$ cat run-v8.cif   # mmCIF, C-alpha atoms
data_upload
loop_
_atom_site.group_PDB
_atom_site.id
_atom_site.type_symbol
_atom_site.label_atom_id
_atom_site.label_comp_id
_atom_site.auth_asym_id
_atom_site.auth_seq_id
_atom_site.Cartn_x
_atom_site.Cartn_y
_atom_site.Cartn_z
ATOM 1 C CA MET A 30 13.817 37.556 62.780
ATOM 2 C CA LYS A 31 14.912 39.320 65.975
ATOM 3 C CA ASP A 32 18.619 40.034 66.364
ATOM 4 C CA TYR A 33 19.152 37.772 69.366
ATOM 5 C CA GLU A 34 22.868 38.509 69.564
ATOM 6 C CA ALA A 35 22.221 42.261 69.767
ATOM 7 C CA LEU A 36 19.593 41.699 72.452
ATOM 8 C CA SER A 37 21.934 39.457 74.458
ATOM 9 C CA ARG A 38 24.756 41.976 74.146
ATOM 10 C CA LYS A 39 22.567 44.833 75.394
ATOM 11 C CA HIS A 40 21.126 42.708 78.213
ATOM 12 C CA PHE A 41 24.487 41.576 79.578
ATOM 13 C CA ASP A 42 26.197 44.916 79.021
ATOM 14 C CA GLY A 43 23.574 46.294 81.379
ATOM 15 C CA GLN A 44 24.176 43.583 83.988
ATOM 16 C CA ALA A 45 27.980 43.428 83.868
ATOM 17 C CA ALA A 46 28.903 45.924 86.593
ATOM 18 C CA GLU A 47 26.956 44.086 89.303
ATOM 19 C CA TYR A 48 26.584 40.618 87.790
ATOM 20 C CA ASP A 49 28.886 38.798 90.229
ATOM 21 C CA GLN A 50 27.483 40.572 93.279
ATOM 22 C CA ARG A 51 23.786 40.037 92.501
ATOM 23 C CA ASP A 52 23.403 36.356 93.310
ATOM 24 C CA THR A 53 19.829 36.022 92.015
ATOM 25 C CA TYR A 54 18.084 33.985 89.321
ATOM 26 C CA TYR A 55 18.234 36.715 86.667
ATOM 27 C CA TYR A 56 21.845 37.576 87.435
ATOM 28 C CA SER A 57 24.601 35.148 88.474
ATOM 29 C CA GLN A 58 22.868 32.513 90.622
ATOM 30 C CA ASN A 59 22.541 29.785 87.998
ATOM 31 C CA GLY A 60 25.839 30.716 86.401
ATOM 32 C CA LYS A 61 27.668 30.176 89.678
ATOM 33 C CA ILE A 62 25.993 26.778 90.135
ATOM 34 C CA SER A 63 27.116 25.697 86.658
ATOM 35 C CA CYS A 64 30.633 27.089 87.072
ATOM 36 C CA ARG A 65 31.169 25.325 90.385
ATOM 37 C CA ASP A 66 29.990 22.042 88.908
ATOM 38 C CA ILE A 67 32.344 22.373 85.934
ATOM 39 C CA ALA A 68 35.274 23.281 88.189
ATOM 40 C CA GLU A 69 34.623 20.258 90.373
ATOM 41 C CA GLN A 70 34.396 17.947 87.357
ATOM 42 C CA ILE A 71 37.715 18.980 85.837
ATOM 43 C CA LYS A 72 39.829 19.547 88.947
ATOM 44 C CA ASP A 73 41.683 16.246 88.450
ATOM 45 C CA ILE A 74 41.804 16.336 84.643
ATOM 46 C CA PRO A 75 45.151 17.385 83.118
ATOM 47 C CA TYR A 76 44.917 20.224 80.597
ATOM 48 C CA LYS A 77 47.126 23.007 79.285
ATOM 49 C CA ALA A 78 44.611 25.206 77.458
ATOM 50 C CA LEU A 79 40.924 25.884 78.188
ATOM 51 C CA LEU A 80 38.378 28.076 76.410
ATOM 52 C CA ASP A 81 35.231 29.337 78.133
ATOM 53 C CA VAL A 82 32.575 30.333 75.582
ATOM 54 C CA GLY A 83 30.117 32.898 76.914
ATOM 55 C CA CYS A 84 32.603 33.617 79.697
ATOM 56 C CA GLY A 85 30.784 36.648 81.098
ATOM 57 C CA THR A 86 32.780 38.274 83.898
ATOM 58 C CA GLY A 87 35.355 35.479 83.932
ATOM 59 C CA PHE A 88 33.883 33.856 87.036
ATOM 60 C CA LEU A 89 34.690 30.294 85.922
ATOM 61 C CA ILE A 90 38.174 31.120 84.660
ATOM 62 C CA ASP A 91 38.954 32.905 87.921
ATOM 63 C CA MET A 92 37.978 29.749 89.829
ATOM 64 C CA LEU A 93 39.957 27.452 87.543
ATOM 65 C CA ALA A 94 43.089 29.618 87.594
ATOM 66 C CA GLY A 95 43.074 29.175 91.366
ATOM 67 C CA GLN A 96 43.060 25.388 90.895
ATOM 68 C CA LYS A 97 45.560 24.950 88.081
ATOM 69 C CA ALA A 98 48.049 26.996 86.064
ATOM 70 C CA ALA A 99 47.138 26.858 82.355
ATOM 71 C CA ARG A 100 46.324 29.008 79.356
ATOM 72 C CA TYR A 101 42.801 30.323 79.851
ATOM 73 C CA CYS A 102 40.775 32.080 77.142
ATOM 74 C CA GLY A 103 37.312 33.588 77.444
ATOM 75 C CA VAL A 104 34.986 34.795 74.692
ATOM 76 C CA ASP A 105 31.778 36.752 75.180
ATOM 77 C CA LEU A 106 29.468 38.939 73.070
ATOM 78 C CA SER A 107 29.228 41.560 75.795
ATOM 79 C CA GLY A 108 31.996 44.127 75.722
ATOM 80 C CA GLU A 109 31.114 45.195 79.254
ATOM 81 C CA MET A 110 31.372 41.630 80.557
ATOM 82 C CA ILE A 111 34.786 41.352 78.906
ATOM 83 C CA ARG A 112 35.848 44.645 80.499
ATOM 84 C CA VAL A 113 34.940 43.313 83.956
ATOM 85 C CA ALA A 114 36.731 40.012 83.275
ATOM 86 C CA LYS A 115 39.916 41.776 82.166
ATOM 87 C CA GLY A 116 39.772 43.949 85.276
ATOM 88 C CA LYS A 117 40.248 40.854 87.436
ATOM 89 C CA ALA A 118 43.791 40.437 86.033
ATOM 90 C CA ILE A 119 43.585 36.633 86.249
ATOM 91 C CA PRO A 120 47.004 34.975 85.749
ATOM 92 C CA GLY A 121 47.288 33.140 82.427
ATOM 93 C CA ALA A 122 43.953 34.483 81.135
ATOM 94 C CA GLU A 123 42.975 36.429 78.036
ATOM 95 C CA PHE A 124 39.498 37.661 77.157
ATOM 96 C CA LEU A 125 38.091 38.570 73.757
ATOM 97 C CA GLU A 126 34.778 39.948 72.553
ATOM 98 C CA GLY A 127 33.302 37.541 70.028
ATOM 99 C CA SER A 128 30.542 35.156 68.971
ATOM 100 C CA ALA A 129 30.133 31.487 69.876
ATOM 101 C CA ASP A 130 29.532 30.548 66.252
ATOM 102 C CA LYS A 131 32.673 32.364 64.980
ATOM 103 C CA LEU A 132 35.349 31.570 67.536
ATOM 104 C CA PRO A 133 38.552 33.582 66.945
ATOM 105 C CA TYR A 134 40.922 30.650 67.427
ATOM 106 C CA PRO A 135 42.667 28.123 65.137
ATOM 107 C CA ASP A 136 41.629 24.495 64.835
ATOM 108 C CA GLU A 137 42.628 22.153 67.673
ATOM 109 C CA SER A 138 43.733 24.893 70.086
ATOM 110 C CA PHE A 139 42.216 23.688 73.371
ATOM 111 C CA ASP A 140 42.094 20.631 75.613
ATOM 112 C CA ILE A 141 38.753 21.704 77.125
ATOM 113 C CA VAL A 142 35.959 23.997 75.945
ATOM 114 C CA THR A 143 33.342 25.025 78.492
ATOM 115 C CA CYS A 144 30.009 26.780 78.084
ATOM 116 C CA SER A 145 27.989 27.743 81.155
ATOM 117 C CA GLN A 146 24.548 29.341 81.146
ATOM 118 C CA SER A 147 24.854 30.958 77.722
ATOM 119 C CA PHE A 148 23.899 28.239 75.224
ATOM 120 C CA HIS A 149 20.178 29.106 75.364
ATOM 121 C CA HIS A 150 21.058 32.555 73.977
ATOM 122 C CA TYR A 151 22.686 31.212 70.799
ATOM 123 C CA PRO A 152 20.596 31.726 67.635
ATOM 124 C CA TYR A 153 22.759 29.152 65.806
ATOM 125 C CA PRO A 154 23.305 26.474 68.486
ATOM 126 C CA GLU A 155 24.377 23.697 66.113
ATOM 127 C CA LYS A 156 26.987 25.966 64.523
ATOM 128 C CA ALA A 157 28.225 27.031 67.965
ATOM 129 C CA MET A 158 28.645 23.381 68.917
ATOM 130 C CA GLN A 159 30.571 22.666 65.723
ATOM 131 C CA GLU A 160 32.844 25.630 66.457
ATOM 132 C CA ALA A 161 33.552 24.217 69.916
ATOM 133 C CA LYS A 162 34.450 20.918 68.283
ATOM 134 C CA ARG A 163 36.659 22.633 65.709
ATOM 135 C CA VAL A 164 38.851 24.368 68.292
ATOM 136 C CA LEU A 165 39.135 21.259 70.495
ATOM 137 C CA LYS A 166 42.105 18.973 70.199
ATOM 138 C CA PRO A 167 41.328 15.308 69.441
ATOM 139 C CA GLY A 168 40.323 13.686 72.705
ATOM 140 C CA GLY A 169 39.347 17.077 74.151
ATOM 141 C CA LEU A 170 36.239 17.698 76.248
ATOM 142 C CA TYR A 171 33.262 19.976 75.604
ATOM 143 C CA ILE A 172 31.430 20.692 78.860
ATOM 144 C CA LEU A 173 28.084 22.451 78.520
ATOM 145 C CA SER A 174 26.046 23.492 81.550
ATOM 146 C CA ASP A 175 22.767 25.355 81.187
ATOM 147 C CA THR A 176 19.244 25.869 82.436
ATOM 148 C CA GLY A 177 16.476 24.356 80.345
ATOM 149 C CA ILE A 178 13.326 22.298 80.133
ATOM 150 C CA GLY A 179 11.719 19.985 77.627
ATOM 151 C CA GLY A 180 8.212 19.078 76.522
ATOM 152 C CA MET A 181 5.369 21.587 76.418
ATOM 153 C CA GLY A 182 7.256 23.997 78.683
ATOM 154 C CA ALA A 183 10.072 24.229 76.169
ATOM 155 C CA TRP A 184 7.609 24.753 73.317
ATOM 156 C CA ILE A 185 5.962 27.649 75.164
ATOM 157 C CA ASP A 186 9.337 29.230 75.944
ATOM 158 C CA ASN A 187 10.742 28.809 72.448
ATOM 159 C CA HIS A 188 7.677 29.782 70.439
ATOM 160 C CA ILE A 189 5.959 32.347 72.672
ATOM 161 C CA LEU A 190 7.875 33.713 75.660
ATOM 162 C CA PHE A 191 11.346 34.047 74.121
ATOM 163 C CA ARG A 192 9.876 35.829 71.099
ATOM 164 C CA MET A 193 8.360 38.422 73.433
ATOM 165 C CA MET A 194 11.375 38.861 75.731
ATOM 166 C CA LYS A 195 14.202 41.337 75.144
ATOM 167 C CA SER A 196 17.002 39.518 76.990
ATOM 168 C CA GLY A 197 18.243 37.537 73.969
ATOM 169 C CA ASP A 198 17.002 34.125 75.138
ATOM 170 C CA TYR A 199 16.570 32.027 71.986
ATOM 171 C CA HIS A 200 16.032 28.316 72.612
ATOM 172 C CA THR A 201 15.654 26.072 75.635
ATOM 173 C CA THR A 202 16.052 22.327 75.841
ATOM 174 C CA ASN A 203 16.749 19.801 78.582
ATOM 175 C CA ARG A 204 19.869 17.699 79.034
ATOM 176 C CA ARG A 205 18.466 14.935 76.814
ATOM 177 C CA GLY A 206 18.145 17.473 74.041
ATOM 178 C CA ILE A 207 21.754 18.544 74.529
ATOM 179 C CA GLU A 208 22.886 14.916 74.550
ATOM 180 C CA LYS A 209 21.225 14.379 71.160
ATOM 181 C CA MET A 210 22.687 17.589 69.776
ATOM 182 C CA MET A 211 26.176 16.606 70.920
ATOM 183 C CA ALA A 212 25.843 13.166 69.403
ATOM 184 C CA SER A 213 24.680 14.701 66.102
ATOM 185 C CA ALA A 214 27.716 16.998 66.186
ATOM 186 C CA GLY A 215 29.997 13.975 66.455
ATOM 187 C CA PHE A 216 30.813 14.074 70.163
ATOM 188 C CA ALA A 217 30.809 10.972 72.338
ATOM 189 C CA VAL A 218 28.705 11.879 75.384
ATOM 190 C CA THR A 219 30.745 10.803 78.406
ATOM 191 C CA ASP A 220 28.719 12.333 81.241
ATOM 192 C CA SER A 221 25.242 13.811 81.719
ATOM 193 C CA ARG A 222 23.876 14.967 85.036
ATOM 194 C CA GLN A 223 21.083 17.050 86.518
ATOM 195 C CA ILE A 224 22.664 19.418 89.039
ATOM 196 C CA GLY A 225 19.655 21.560 89.941
ATOM 197 C CA ASN A 226 15.925 21.822 89.415
ATOM 198 C CA MET A 227 16.369 22.837 85.764
ATOM 199 C CA ILE A 228 20.175 23.001 85.565
ATOM 200 C CA TYR A 229 22.220 20.280 83.877
ATOM 201 C CA THR A 230 25.779 19.609 82.751
ATOM 202 C CA VAL A 231 26.581 17.442 79.725
ATOM 203 C CA THR A 232 30.114 16.475 78.666
ATOM 204 C CA GLY A 233 31.116 15.370 75.181
ATOM 205 C CA LYS A 234 34.461 14.067 73.973
ATOM 206 C CA LYS A 235 35.945 14.840 70.587
ATOM 207 C CA GLU A 236 37.024 11.427 69.400
ATOM 208 C CA PRO A 237 40.708 11.047 68.456
ATOM 209 C CA ARG A 238 41.393 10.444 64.800
#

$ encode --input "run-v8.cif" --output "C-alpha cells"
Amino acid sequence: MKDYEALSRKHFDGQAAEYDQRDTYYYSQNGKISCRDIAEQIKDIPYKALLDVGCGTGFLIDMLAGQKAARYCGVDLSGEMIRVAKGKAIPGAEFLEGSADKLPYPDESFDIVTCSQSFHHYPYPEKAMQEAKRVLKPGGLYILSDTGIGGMGAWIDNHILFRMMKSGDYHTTNRRGIEKMMASAGFAVTDSRQIGNMIYTVTGKKEPR
C-alpha cells in the first residue's frame, strides 16, 4: 500500500510557501471556499477552544481569530505548512505537526473541531473521525468541509486515479457519504449543505452524555 501520509506531506511541503497566494484549484481555491463557509457558520456560536485538523497555513484560524478571541489549535502533517502558520503570529493560536488519526490532545478538549479540504487525504478516515469525536466536549461540533463526488466518478477516483497520483489523495465521497460516516461514528448530523459544484460542508454534534 502506498504511504499516503508521506505523499501528502511531500505535496503540501512543496506548496506551503505560496499556498495562500496561489488562488487556484490545485492550491488554495477550494480551501478558501470551505474556510469562509465554516467561518460564516460559526460566527454566532459561542466557543472557547477550537481545533482545526489539516490546518495548512492557518488560513481558517487566522479568519476566526479576527472574529472571536478563543484558544485556537491547528494540526497538520506538513511541517512547512505549520512553519507558515506559525509565522503569521495569530493571537491565541498554536500549531503542531501531527496526524488526523493520532491527535495530540486529551479527551474532551475542544468545543469545535473543523476539517477543511483535507479529509480526502486521510488513509484512515473512520479513525480520524473518531479522533475528532474523542477530543470534542459533549455537545461539541465537528464541521467537515471537502471536495468530493459519489457514484462511478468516485469509484474511478478511488480505485484508479488516486492510486496513480502522487499528491496523497486517498478517498473521495460526496456529502451523503460523509453524513453516513458521521452517523456511524455516533454524531448527530445537524447540517449538510452543498456550497460549490463539488464542495460540501457537513456538521455533526457529539451528543451530551

$ closest_residue --input "run-v8.cif" --among "A:Lys77, A:Lys234, A:Lys117, A:Arg163" --to "Lys97 (chain A)" --atoms "all atoms listed in the file"
A:Lys77

$ resolve_selection --input "run-v8.cif" --expression "the PyMOL selection byres ((chain A and resi 81-93) around 6)" --output "list of chain:residue names"
A:Cys64, A:Leu80, A:Ala94, A:Gly95, A:Gln96, A:Gly103, A:Val104, A:Asp105, A:Met110, A:Val113, A:Ala114, A:Val142, A:Thr143, A:Cys144, A:Ser147

$ resolve_selection --input "run-v8.cif" --expression "the PyMOL selection byres ((chain A and resi 208-214) around 8)" --output "PyMOL selection string"
chain A and resi 155+158-159+204-207+215-218+221+231+233

$ atom_distance --input "run-v8.cif" --atom1 "CA of Glu47 (chain A)" --atom2 "CA of Asp198 (chain A)"
20.0 Å

$ axis_aligned_box --input "run-v8.cif" --around "region 136-144 of chain A" --padding-each-side "4 Å" --output "AutoDock Vina command-line options"
--center_x 36.9 --center_y 23.7 --center_z 71.7 --size_x 21.7 --size_y 14.1 --size_z 21.7

$ resolve_selection --input "run-v8.cif" --expression "the PyMOL selection byres ((chain A and resi 106) around 6)" --output "ChimeraX atom specification"
/A:38,105,107,126-128

$ closest_residue --input "run-v8.cif" --among "A:Leu79, A:Ser196, A:Gly182, A:Asp175" --to "Ser138 (chain A)" --atoms "all atoms listed in the file"
A:Leu79

$ residues_around --input "run-v8.cif" --residues "Ile228 (chain A)" --least-positions-apart "3" --cutoff "9 Å" --atoms "all atoms listed in the file" --output "ChimeraX atom specification"
/A:59,62-63,146,174-178,203-204,222-225

$ atom_distance --input "run-v8.cif" --atom1 "CA of Asp32 (chain A)" --atom2 "CA of Ala161 (chain A)"
22.0 Å

$ closest_residue --input "run-v8.cif" --among "A:Glu69, A:Asp42, A:Asp140, A:Asp130" --to "Lys156 (chain A)" --atoms "only C-alpha atoms"
A:Asp130

$ atom_distance --input "run-v8.cif" --atom1 "CA of Leu132 (chain A)" --atom2 "CA of Tyr153 (chain A)"
12.9 Å

$ closest_residue --input "run-v8.cif" --among "A:Asp136, A:Thr201, A:Ile141, A:Gln50" --to "Pro154 (chain A)" --atoms "all atoms listed in the file"
A:Thr201

$ decode --input "run-v8.cif" --residues "region 45-142 of chain A" --atoms "C-alpha atoms" --output "JSON list (two decimals), in the first residue's frame"
[["chain", "number", "residue", "atom", "x", "y", "z"],
["A", 45, "ALA", "CA", 3.38, 25.81, 1.52],
["A", 46, "ALA", "CA", 5.42, 28.89, 0.61],
["A", 47, "GLU", "CA", 2.92, 30.10, -2.00],
["A", 48, "TYR", "CA", -0.23, 28.23, -1.00],
["A", 49, "ASP", "CA", -2.21, 31.26, 0.21],
["A", 50, "GLN", "CA", -1.18, 33.42, -2.74],
["A", 51, "ARG", "CA", -1.95, 30.90, -5.49],
["A", 52, "ASP", "CA", -5.74, 31.01, -5.54],
["A", 53, "THR", "CA", -6.21, 28.12, -7.98],
["A", 54, "TYR", "CA", -7.89, 24.72, -7.89],
["A", 55, "TYR", "CA", -4.72, 22.78, -7.03],
["A", 56, "TYR", "CA", -3.64, 25.29, -4.40],
["A", 57, "SER", "CA", -5.91, 27.26, -2.05],
["A", 58, "GLN", "CA", -9.06, 28.00, -4.07],
["A", 59, "ASN", "CA", -11.28, 25.26, -2.65],
["A", 60, "GLY", "CA", -9.73, 25.57, 0.78],
["A", 61, "LYS", "CA", -10.66, 29.24, 0.96],
["A", 62, "ILE", "CA", -14.25, 28.46, -0.09],
["A", 63, "SER", "CA", -14.55, 25.86, 2.68],
["A", 64, "CYS", "CA", -12.89, 28.08, 5.29],
["A", 65, "ARG", "CA", -15.17, 31.02, 4.55],
["A", 66, "ASP", "CA", -18.23, 28.80, 4.80],
["A", 67, "ILE", "CA", -17.11, 27.40, 8.16],
["A", 68, "ALA", "CA", -16.33, 30.87, 9.50],
["A", 69, "GLU", "CA", -19.75, 32.12, 8.47],
["A", 70, "GLN", "CA", -21.48, 29.14, 10.08],
["A", 71, "ILE", "CA", -19.84, 29.54, 13.48],
["A", 72, "LYS", "CA", -19.63, 33.32, 13.78],
["A", 73, "ASP", "CA", -22.57, 33.42, 16.21],
["A", 74, "ILE", "CA", -21.77, 30.19, 18.06],
["A", 75, "PRO", "CA", -20.12, 30.60, 21.48],
["A", 76, "TYR", "CA", -16.91, 28.61, 21.93],
["A", 77, "LYS", "CA", -13.71, 28.84, 23.95],
["A", 78, "ALA", "CA", -11.49, 26.28, 22.21],
["A", 79, "LEU", "CA", -11.35, 25.21, 18.55],
["A", 80, "LEU", "CA", -9.16, 22.67, 16.76],
["A", 81, "ASP", "CA", -8.57, 22.79, 13.01],
["A", 82, "VAL", "CA", -7.41, 19.39, 11.69],
["A", 83, "GLY", "CA", -5.41, 19.65, 8.48],
["A", 84, "CYS", "CA", -4.95, 23.34, 9.23],
["A", 85, "GLY", "CA", -2.44, 24.01, 6.46],
["A", 86, "THR", "CA", -1.15, 27.59, 6.60],
["A", 87, "GLY", "CA", -3.62, 28.56, 9.33],
["A", 88, "PHE", "CA", -5.93, 30.36, 6.91],
["A", 89, "LEU", "CA", -9.12, 29.39, 8.77],
["A", 90, "ILE", "CA", -7.71, 30.07, 12.23],
["A", 91, "ASP", "CA", -6.48, 33.48, 11.08],
["A", 92, "MET", "CA", -10.02, 34.31, 9.92],
["A", 93, "LEU", "CA", -11.64, 33.03, 13.11],
["A", 94, "ALA", "CA", -9.20, 34.83, 15.42],
["A", 95, "GLY", "CA", -10.32, 38.05, 13.75],
["A", 96, "GLN", "CA", -13.94, 37.22, 14.63],
["A", 97, "LYS", "CA", -13.59, 35.94, 18.18],
["A", 98, "ALA", "CA", -10.95, 35.62, 20.91],
["A", 99, "ALA", "CA", -10.51, 31.94, 21.85],
["A", 100, "ARG", "CA", -7.94, 29.18, 22.14],
["A", 101, "TYR", "CA", -7.12, 28.05, 18.61],
["A", 102, "CYS", "CA", -5.12, 24.91, 17.78],
["A", 103, "GLY", "CA", -4.07, 23.66, 14.36],
["A", 104, "VAL", "CA", -2.63, 20.28, 13.40],
["A", 105, "ASP", "CA", -1.15, 19.37, 10.03],
["A", 106, "LEU", "CA", 1.13, 16.66, 8.60],
["A", 107, "SER", "CA", 3.17, 19.20, 6.66],
["A", 108, "GLY", "CA", 5.98, 20.75, 8.64],
["A", 109, "GLU", "CA", 6.29, 23.51, 6.05],
["A", 110, "MET", "CA", 2.59, 24.38, 6.32],
["A", 111, "ILE", "CA", 2.98, 24.56, 10.09],
["A", 112, "ARG", "CA", 6.02, 26.82, 9.69],
["A", 113, "VAL", "CA", 3.99, 29.24, 7.55],
["A", 114, "ALA", "CA", 1.08, 29.15, 10.01],
["A", 115, "LYS", "CA", 3.34, 29.92, 12.97],
["A", 116, "GLY", "CA", 4.88, 32.79, 11.02],
["A", 117, "LYS", "CA", 1.51, 34.56, 11.00],
["A", 118, "ALA", "CA", 1.74, 35.01, 14.80],
["A", 119, "ILE", "CA", -2.04, 34.68, 15.20],
["A", 120, "PRO", "CA", -3.21, 35.71, 18.70],
["A", 121, "GLY", "CA", -4.36, 32.76, 20.81],
["A", 122, "ALA", "CA", -3.17, 30.18, 18.27],
["A", 123, "GLU", "CA", -0.80, 27.23, 18.50],
["A", 124, "PHE", "CA", 0.19, 24.92, 15.66],
["A", 125, "LEU", "CA", 1.55, 21.39, 15.84],
["A", 126, "GLU", "CA", 2.77, 18.89, 13.27],
["A", 127, "GLY", "CA", 0.72, 15.72, 13.59],
["A", 128, "SER", "CA", -1.71, 13.20, 12.11],
["A", 129, "ALA", "CA", -5.50, 13.39, 12.00],
["A", 130, "ASP", "CA", -5.82, 9.85, 13.32],
["A", 131, "LYS", "CA", -3.48, 10.46, 16.30],
["A", 132, "LEU", "CA", -4.44, 13.89, 17.59],
["A", 133, "PRO", "CA", -2.03, 15.15, 20.28],
["A", 134, "TYR", "CA", -4.73, 16.39, 22.65],
["A", 135, "PRO", "CA", -6.60, 14.97, 25.68],
["A", 136, "ASP", "CA", -10.20, 13.80, 25.57],
["A", 137, "GLU", "CA", -12.90, 16.49, 25.55],
["A", 138, "SER", "CA", -10.54, 19.42, 24.90],
["A", 139, "PHE", "CA", -12.48, 21.41, 22.29],
["A", 140, "ASP", "CA", -15.89, 22.96, 21.70],
["A", 141, "ILE", "CA", -15.48, 22.77, 17.91],
["A", 142, "VAL", "CA", -13.32, 20.65, 15.61]]
